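A.B. asks: Supplied in structure tokens, the structure appears directly below.
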Amino acid sequence: MNKVCVAKFGGTSVANYPAMCNCAKIVTNNPHTKLVVLSASAGVTNLLVELSSGNLDAQGIEDRMLKLSQIEFSILNDLGSPKEITSEIEKLLHEIKDLANHAIIEHDDALTDRIVSYGEIMSTKLFTEVLKSLGFKAKWFDVRTVMRTDNRFGKAAPIIEVLSNSAKEKLVPLFDGETIIVTQGFIGSNAIGQTTTLGRGGSDYSAALLGEAIPQCSAIEIWTDVPGIYTTDPRMVKEAAVIPEITFSEAAEMATFGAKVLHPATIFPAVRRNIPVFVGSSKNPELGGTWVRSETESKPTFRAVALRRNQKLLTLQSPNMIGACGFLANIFSIFAKYGISVDLITTSEVSVALTIDNTGSQSNGQSVISEQLINELKSFCKVRVDDNLSLVALIGNGMSQVSGTGAAVFASICDVNIRMICYGASSHNLCFLVNSDQAEHAVTELHHKLLEGNPQVIK
Ligand code: ADP
Ligand code: ASP
Ligand code: MG
């Protein structure tokens with residue numbers, strides 16, 4: 001069986017025709033790349049989220065439709081406006097407008113996902129045409145026929161077993177050694193065929209899930225706008241450097257704690273099948289990138305710093321906690337009921353503090369914390385909610401197994417007010433909460449003092 005490489009291209013990589021041509025070159029230069037997974041062209045998903053909100057008037061819809069059409073038609077024009085695909089895109093744009101008008105009358109999360117999915121449908125139709133126009137055999141594939149998810153519109157969870165079986169039945173037989181299959185990231189469908197989405201930035205996750213589902217997959221490539229995973233976000237710290245190789249565990253921590261270059265769940269399917277993941281720049285593939293693998297040669301104590309903004313700190317207080325059993329179970333069953341994942345936790349005699357990620361990773365951009373949830377918690381305990389907080393995470397190796405880690409970290413940022421610390425749950429991560437206005441400063445200082453120059457190893 002021939003090896004298959006899955007290549008995913010993000011929004012900026014498919015933003016326009018020249019960018020799509022760069023992607024086509026990357027795909028066709030690697031004879032193993034037979035599955036291409038795409039995001040919507042840059043800006044399209046945001047426009048579709050607005051169109052699905054139900055809050056726009058007729059003029060608002062017109063404005064967004066115009067911007068959307070400009071993005072799609074600019075690619076079509078550069079392609080020479082081929083008749084069939086032009087009328088297909090026109091039809092899709094009409095459908096979006098009809099659905100946006102419908103959203104004004106009757107709005108729900110299922111409709112939002114349906115509308116938002118059009119971005120990936122259009123980019124994949126256009127990219128298939130780009131490959132064909134360059135003389136390659138390419139086939140558009142509707143990922144919803146294999147990417148089965150649950151019903152959580154906006155942040156649906158894949159059902160791995162169904163995906164694996166359907167991929168073997170419907171996708172794998174298409175690999176004939178020649179045809180390049182082009183499909184959508186981000187979207188899926190539930191058991192009754194309604195369109196769902198995996199959450200913002202979910203195309204990375206789709207690519208990894210598809211890679212896992214294809215038995216002959218040998219690599220998953222994530223092509224984006226930076227040449228690899230950096231020691232911190234290069235937009236924030238200009239001294240950040242590309243990490244040539246990093247372990248699955250470290251990359252998963254980075255993604256979970258805010259390194260936007262990978263969707264938080266991307267690494268898990270790769271780990272399950274031990275498939276290496278490559279991250280590189282679609283504009284400058286010659287710069288190389290980062291390989292994410294199970295083992296790496298170097299294992300520095302400090303590898304990277306990540307930042308996740310928009311965190312909420314919930315402090316729950318009750319005298320009933322003293323020596324009581326089951327208090328936390330009650331509290332966590334409420335979070336579970338609302339489908340909310342709790343991040344950091346610390347406890348004292350009568351209180352529990354926990355953080356919740358509110359970065360709006362749901363496709364509809366809504367907050368994950370509702371008034372209903374807070375009221376339900378209040379029936380058990382006093383609840384205090386603090387906003388404007390950010391989570392800073394140091395990622396590395398063996399951090400909780402050597403002395404001096406805490407001293408090195410906190411001495412670097414002694415002018416920063418630390419609100420909460422989590423350390424020891426994983427030897428790859430030390431994270432803490434700070435006020436958002438001090439977050440960038442904390443990241444920059446940690447980077448300067450612990451990551452620049454030779455990677456530091458504490459013995
Ligand atoms: P795509 O649209 O290709 O999925 P994203 O915008 O989601 O791209 O992710 C790429 C961005 O992630 C980069 O432009 C960069 O600003 C940001 N980023 C944050 N942390 C890191 C990091 N540690 N390494 C590289 N990029 C990072
Ligand atoms: N297009 C979706 C988004 O903008 C998914 C993705 O790009 O990964 O979030
Ligand atoms: Mg992304």
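Every chain in the structure tokens has a letter given in the order shown (A, B, ...), and although residue numbers restart at 1 in each chain, ligands are simply numbered from 1 in the order shown.
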Please list as a PyMOL selection string every residue within 9 Å of range 369-374 of chain A, counting only C-alpha atoms and excluding residues in the same chain fewer than 6 positions away.
C.D. replies: chain A and resi 334-335+338+340+356+358+383
A.B. asks: Listing only residues of chain A within 8 Å of ligand 3, what is the closest atom pair and its distance in Å (to one decimal) for each, using only C-alpha atoms and all ligand atoms, sorted by chain and residue number ascending, as CSV?
C.D. replies:
```
residue,atom,partner,partner_atom_place_in_ligand_line,distance
A:Gly10,CA,ligand 3,1 (Mg),6.0
A:Gly11,CA,ligand 3,1 (Mg),7.5
A:Arg200,CA,ligand 3,1 (Mg),7.9
A:Gly201,CA,ligand 3,1 (Mg),4.4
A:Gly202,CA,ligand 3,1 (Mg),7.1
A:Ser203,CA,ligand 3,1 (Mg),7.0
A:Asp204,CA,ligand 3,1 (Mg),6.5
A:Thr224,CA,ligand 3,1 (Mg),7.6
A:Lys260,CA,ligand 3,1 (Mg),6.2
A:Val261,CA,ligand 3,1 (Mg),5.6
A:Leu262,CA,ligand 3,1 (Mg),5.9
A:His263,CA,ligand 3,1 (Mg),6.2
```
A.B. asks: For each of A:Leu314, A:Cys21, A:Ile322, A:Ile331, take the minimum atom-to-atom distance to Arg419 in chain A, counting only C-alpha atoms, then give the residue where this is smallest.
C.D. replies: A:Leu314
A.B. asks: Wanna dump the chain A-ligand 2 contacts at 9 Å for me, each residue with its shortest atom pair and the distance in Å to one decimal, counting only C-alpha atoms and all ligand atoms, ordered by chain and number, as CSV?
C.D. replies:
```
residue,atom,partner,partner_atom_place_in_ligand_line,distance
A:Phe9,CA,ligand 2,7 (O),8.7
A:Gly10,CA,ligand 2,7 (O),5.6
A:Gly11,CA,ligand 2,7 (O),5.4
A:Thr12,CA,ligand 2,7 (O),8.9
A:Leu38,CA,ligand 2,7 (O),7.9
A:Ser39,CA,ligand 2,7 (O),4.5
A:Ala40,CA,ligand 2,1 (N),4.6
A:Ser41,CA,ligand 2,1 (N),7.4
A:Ala42,CA,ligand 2,4 (O),7.3
A:Gly43,CA,ligand 2,4 (O),7.4
A:Val44,CA,ligand 2,1 (N),7.3
A:Thr45,CA,ligand 2,4 (O),4.9
A:Asn46,CA,ligand 2,4 (O),6.7
A:Val116,CA,ligand 2,1 (N),8.1
A:Ser117,CA,ligand 2,1 (N),8.1
A:Gly119,CA,ligand 2,1 (N),6.7
A:Glu120,CA,ligand 2,1 (N),6.6
A:Gly185,CA,ligand 2,8 (O),6.5
A:Phe186,CA,ligand 2,5 (C),5.0
A:Ile187,CA,ligand 2,5 (C),8.2
A:Thr197,CA,ligand 2,5 (C),8.5
A:Leu198,CA,ligand 2,5 (C),8.1
A:Gly199,CA,ligand 2,9 (O),6.6
A:Arg200,CA,ligand 2,9 (O),3.4
A:Gly201,CA,ligand 2,8 (O),3.2
A:Gly202,CA,ligand 2,8 (O),4.3
A:Ser203,CA,ligand 2,8 (O),3.7
A:Asp204,CA,ligand 2,8 (O),5.9
A:Tyr205,CA,ligand 2,8 (O),8.0
A:Ser206,CA,ligand 2,8 (O),8.4
A:His263,CA,ligand 2,8 (O),7.6
A:Ser361,CA,ligand 2,9 (O),8.3
A:Ser363,CA,ligand 2,9 (O),6.9
```
A.B. asks: Rank nothing, just name the residue among A:Met399, A:Ala19, A:Ile229, A:Val172 nearest to Ala255 in chain A, using only C-alpha atoms.
C.D. replies: A:Ile229
A.B. asks: Excluding same-chain residues fewer than 4 positions from range 271-287 of chain A, what lies within 7 Å of it counting only C-alpha atoms, as a ChimeraX atom specification?
C.D. replies: /A:13,22-23,212,218-229,248,267,291-294
A.B. asks: Rank nothing, just name the residue among A:Thr290, A:Thr355, A:Thr232, A:Asn2 nearest to ligand 1, using only C-alpha atoms and all ligand atoms.
C.D. replies: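 Looking only at the distances to ligand 1, the closest residue turns out to be A:Thr232.
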A.B. asks: Hey, which of A:Pro31, A:Gly289, A:Pro82, A:Gly54 ends up closest to ligand 1? Count only C-alpha atoms and all ligand atoms.
C.D. replies: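 Counting only C-alpha atoms and all ligand atoms, the residue closest to ligand 1 is A:Gly289.
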A.B. asks: Just how far from CA of Leu92 in chain A is CA of Thr145 in chain A, in Å to one decimal?
C.D. replies: 18.8 Å
A.B. asks: Mind checking which residues fall within 12 Å of Lys238 in chain A, counting only C-alpha atoms, ignoring those fewer than 4 positions away in the same chain, and posting them as a CSV table (one decimal) with all heavy atoms, in the first residue's frame?
C.D. replies:
```
chain,number,residue,atom,x,y,z
A,230,TYR,N,7.1,28.2,16.8
A,230,TYR,CA,8.2,29.0,17.4
A,230,TYR,C,8.2,28.8,19.0
A,230,TYR,O,7.3,28.4,19.6
A,230,TYR,CB,7.9,30.5,17.1
A,230,TYR,CG,8.3,31.0,15.7
A,230,TYR,CD1,7.6,30.5,14.6
A,230,TYR,CD2,9.3,31.9,15.6
A,230,TYR,CE1,7.9,30.9,13.4
A,230,TYR,CE2,9.6,32.4,14.3
A,230,TYR,CZ,8.9,31.9,13.2
A,230,TYR,OH,9.3,32.3,12.0
A,231,THR,N,9.3,29.4,19.5
A,231,THR,CA,9.4,29.3,21.0
A,231,THR,C,8.4,30.2,21.7
A,231,THR,O,8.1,29.9,22.9
A,231,THR,CB,10.8,29.8,21.4
A,231,THR,OG1,11.1,31.0,20.6
A,231,THR,CG2,11.9,28.8,21.1
A,232,THR,N,7.8,31.1,21.0
A,232,THR,CA,6.6,31.8,21.4
A,232,THR,C,6.0,32.4,20.2
A,232,THR,O,6.6,32.4,19.1
A,232,THR,CB,6.8,32.8,22.6
A,232,THR,OG1,5.5,33.1,23.2
A,232,THR,CG2,7.5,34.1,22.1
A,233,ASP,N,4.8,33.0,20.4
A,233,ASP,CA,4.2,33.7,19.2
A,233,ASP,C,5.1,34.7,18.6
A,233,ASP,O,5.4,35.7,19.2
A,233,ASP,CB,2.8,34.3,19.6
A,233,ASP,CG,2.0,34.8,18.4
A,233,ASP,OD1,2.6,34.9,17.3
A,233,ASP,OD2,0.8,35.0,18.5
A,234,PRO,N,5.6,34.5,17.3
A,234,PRO,CA,6.5,35.5,16.7
A,234,PRO,C,5.9,36.8,16.5
A,234,PRO,O,6.6,37.8,16.4
A,234,PRO,CB,6.9,34.8,15.4
A,234,PRO,CG,5.8,33.8,15.1
A,234,PRO,CD,5.3,33.4,16.4
A,242,VAL,N,12.2,29.4,15.5
A,242,VAL,CA,11.6,28.2,15.1
A,242,VAL,C,12.2,27.0,15.9
A,242,VAL,O,13.4,26.9,16.0
A,242,VAL,CB,11.7,27.9,13.6
A,242,VAL,CG1,11.1,26.6,13.2
A,242,VAL,CG2,11.0,29.0,12.8
A,443,VAL,N,5.3,37.1,29.2
A,443,VAL,CA,5.8,36.2,28.2
A,443,VAL,C,7.1,36.7,27.6
A,443,VAL,O,8.1,35.9,27.5
A,443,VAL,CB,4.7,36.2,27.0
A,443,VAL,CG1,5.3,35.4,25.8
A,443,VAL,CG2,3.5,35.5,27.5
A,444,THR,N,7.2,38.0,27.4
A,444,THR,CA,8.5,38.6,26.8
A,444,THR,C,9.6,38.4,27.8
A,444,THR,O,10.7,37.9,27.4
A,444,THR,CB,8.3,40.1,26.6
A,444,THR,OG1,7.1,40.2,25.8
A,444,THR,CG2,9.4,40.6,25.8
A,447,HIS,N,10.6,34.8,28.0
A,447,HIS,CA,11.3,34.4,26.7
A,447,HIS,C,12.7,34.9,26.8
A,447,HIS,O,13.7,34.1,26.5
A,447,HIS,CB,10.5,34.9,25.5
A,447,HIS,CG,11.0,34.3,24.2
A,447,HIS,ND1,12.0,34.7,23.5
A,447,HIS,CD2,10.5,33.2,23.6
A,447,HIS,CE1,12.2,33.9,22.4
A,447,HIS,NE2,11.3,33.0,22.5
A,448,HIS,N,12.9,36.2,27.1
A,448,HIS,CA,14.3,36.7,27.1
A,448,HIS,C,15.1,36.0,28.1
A,448,HIS,O,16.3,35.6,27.8
A,448,HIS,CB,14.2,38.2,27.6
A,448,HIS,CG,13.7,39.1,26.5
A,448,HIS,ND1,13.6,38.8,25.2
A,448,HIS,CD2,13.1,40.4,26.6
A,448,HIS,CE1,13.1,39.8,24.5
A,448,HIS,NE2,12.8,40.7,25.3
A,452,GLU,N,16.1,32.6,25.3
A,452,GLU,CA,17.0,33.1,24.3
A,452,GLU,C,18.4,32.6,24.6
A,452,GLU,O,18.8,32.4,25.7
A,452,GLU,CB,16.9,34.6,24.2
A,452,GLU,CG,15.6,35.0,23.5
A,452,GLU,CD,15.2,36.4,23.7
A,452,GLU,OE1,16.0,37.3,23.8
A,452,GLU,OE2,14.0,36.7,23.8
```
A.B. asks: Choose the residue, out of A:Gln311, A:Thr266, A:Ser348, A:Asn417, that has the smallest atom-to-atom separation from ligand 1; count only C-alpha atoms and all ligand atoms.
C.D. replies: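 Using only C-alpha atoms and all ligand atoms, the shortest distance to ligand 1 belongs to A:Thr266.
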A.B. asks: Could you tell me which of A:Pro264, A:Pro244, A:Gly406, A:Gly258 comes closest to ligand 1 if we count only C-alpha atoms and all ligand atoms?
C.D. replies: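 Distance minimum relative to ligand 1 lands on A:Gly258.
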A.B. asks: Near Ser52 in chain A, within 6 Å and counting only C-alpha atoms, which residues show up once chain neighbours fewer than 5 positions away are dropped, as a PyMOL selection string?
C.D. replies: chain A and resi 100+103+112
A.B. asks: Those residues with C-alpha atoms, as a PDB file, in the first residue's frame please?
C.D. replies:
```pdb
ATOM      1  CA  ALA A 100     -28.681  34.572   6.202  1.00  0.00           C
ATOM      2  CA  ALA A 103     -31.405  33.499  10.253  1.00  0.00           C
ATOM      3  CA  THR A 112     -25.137  28.799  12.085  1.00  0.00           C
TER       4      THR A 112
END
```
A.B. asks: Find the distance between CA of Gly424 in chain A and CA of Glu245 in chain A and write it in Å to one decimal.
C.D. replies: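 Separation of CA of Gly424 in chain A and CA of Glu245 in chain A: 23.9 Å.
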A.B. asks: Excluding same-chain residues fewer than 6 positions from Phe432 in chain A, what lies within 12 Å of it counting only C-alpha atoms, as a ChimeraX atom specification?
C.D. replies: /A:257,305-309,311,313,343-346,354-355,389-395,406,409-410,413,416-423,439,442-443
A.B. asks: Can you list, as a list in words, every protein, DNA or RNA residue that comes within 8 Å of Ser427 in chain A when you count only C-alpha atoms, leaving out same-chain residues fewer than 2 positions away?
C.D. replies: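 Counting only the stated atoms, we get Gly396, Asn397, Gly398, Met399, Ser400, Gln401, Gly424, Ala425, Asn429 and Leu430 of chain A.
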A.B. asks: To test your reading of the structure, identify every residue in range 167-380 of chain A that backbone DSSP assigns to strand (DSSP E), and report it as a count of residues only.
C.D. replies: 61
A.B. asks: From a DSSP calculation on the backbone, collect every residue of range 343-400 of chain A in alpha helix (DSSP H) and output the set as an mmCIF file with N, CA, C and O atoms, in the first residue's frame.
C.D. replies:
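selection.cif was written with the following content:
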```
data_model
loop_
_atom_site.group_PDB
_atom_site.id
_atom_site.type_symbol
_atom_site.label_atom_id
_atom_site.label_comp_id
_atom_site.auth_asym_id
_atom_site.auth_seq_id
_atom_site.Cartn_x
_atom_site.Cartn_y
_atom_site.Cartn_z
ATOM 1 N N GLU A 371 -25.437 32.636 32.281
ATOM 2 C CA GLU A 371 -25.986 33.076 33.553
ATOM 3 C C GLU A 371 -26.612 31.895 34.292
ATOM 4 O O GLU A 371 -26.518 31.771 35.500
ATOM 5 N N GLN A 372 -27.198 31.008 33.491
ATOM 6 C CA GLN A 372 -27.825 29.801 34.051
ATOM 7 C C GLN A 372 -26.819 28.979 34.843
ATOM 8 O O GLN A 372 -27.104 28.520 35.940
ATOM 9 N N LEU A 373 -25.627 28.823 34.255
ATOM 10 C CA LEU A 373 -24.574 28.042 34.914
ATOM 11 C C LEU A 373 -24.215 28.680 36.252
ATOM 12 O O LEU A 373 -24.151 28.018 37.292
ATOM 13 N N ILE A 374 -24.006 30.002 36.218
ATOM 14 C CA ILE A 374 -23.608 30.707 37.448
ATOM 15 C C ILE A 374 -24.705 30.543 38.507
ATOM 16 O O ILE A 374 -24.416 30.269 39.675
ATOM 17 N N ASN A 375 -25.969 30.665 38.092
ATOM 18 C CA ASN A 375 -27.067 30.536 39.060
ATOM 19 C C ASN A 375 -27.112 29.143 39.666
ATOM 20 O O ASN A 375 -27.352 28.985 40.865
ATOM 21 N N GLU A 376 -26.829 28.150 38.844
ATOM 22 C CA GLU A 376 -26.855 26.783 39.364
ATOM 23 C C GLU A 376 -25.726 26.571 40.387
ATOM 24 O O GLU A 376 -25.918 25.942 41.418
ATOM 25 N N LEU A 377 -24.550 27.157 40.084
ATOM 26 C CA LEU A 377 -23.434 27.051 41.034
ATOM 27 C C LEU A 377 -23.784 27.747 42.341
ATOM 28 O O LEU A 377 -23.443 27.286 43.430
ATOM 29 N N LYS A 378 -24.510 28.860 42.206
ATOM 30 C CA LYS A 378 -24.849 29.654 43.399
ATOM 31 C C LYS A 378 -25.761 28.890 44.360
ATOM 32 O O LYS A 378 -25.875 29.264 45.521
#
```
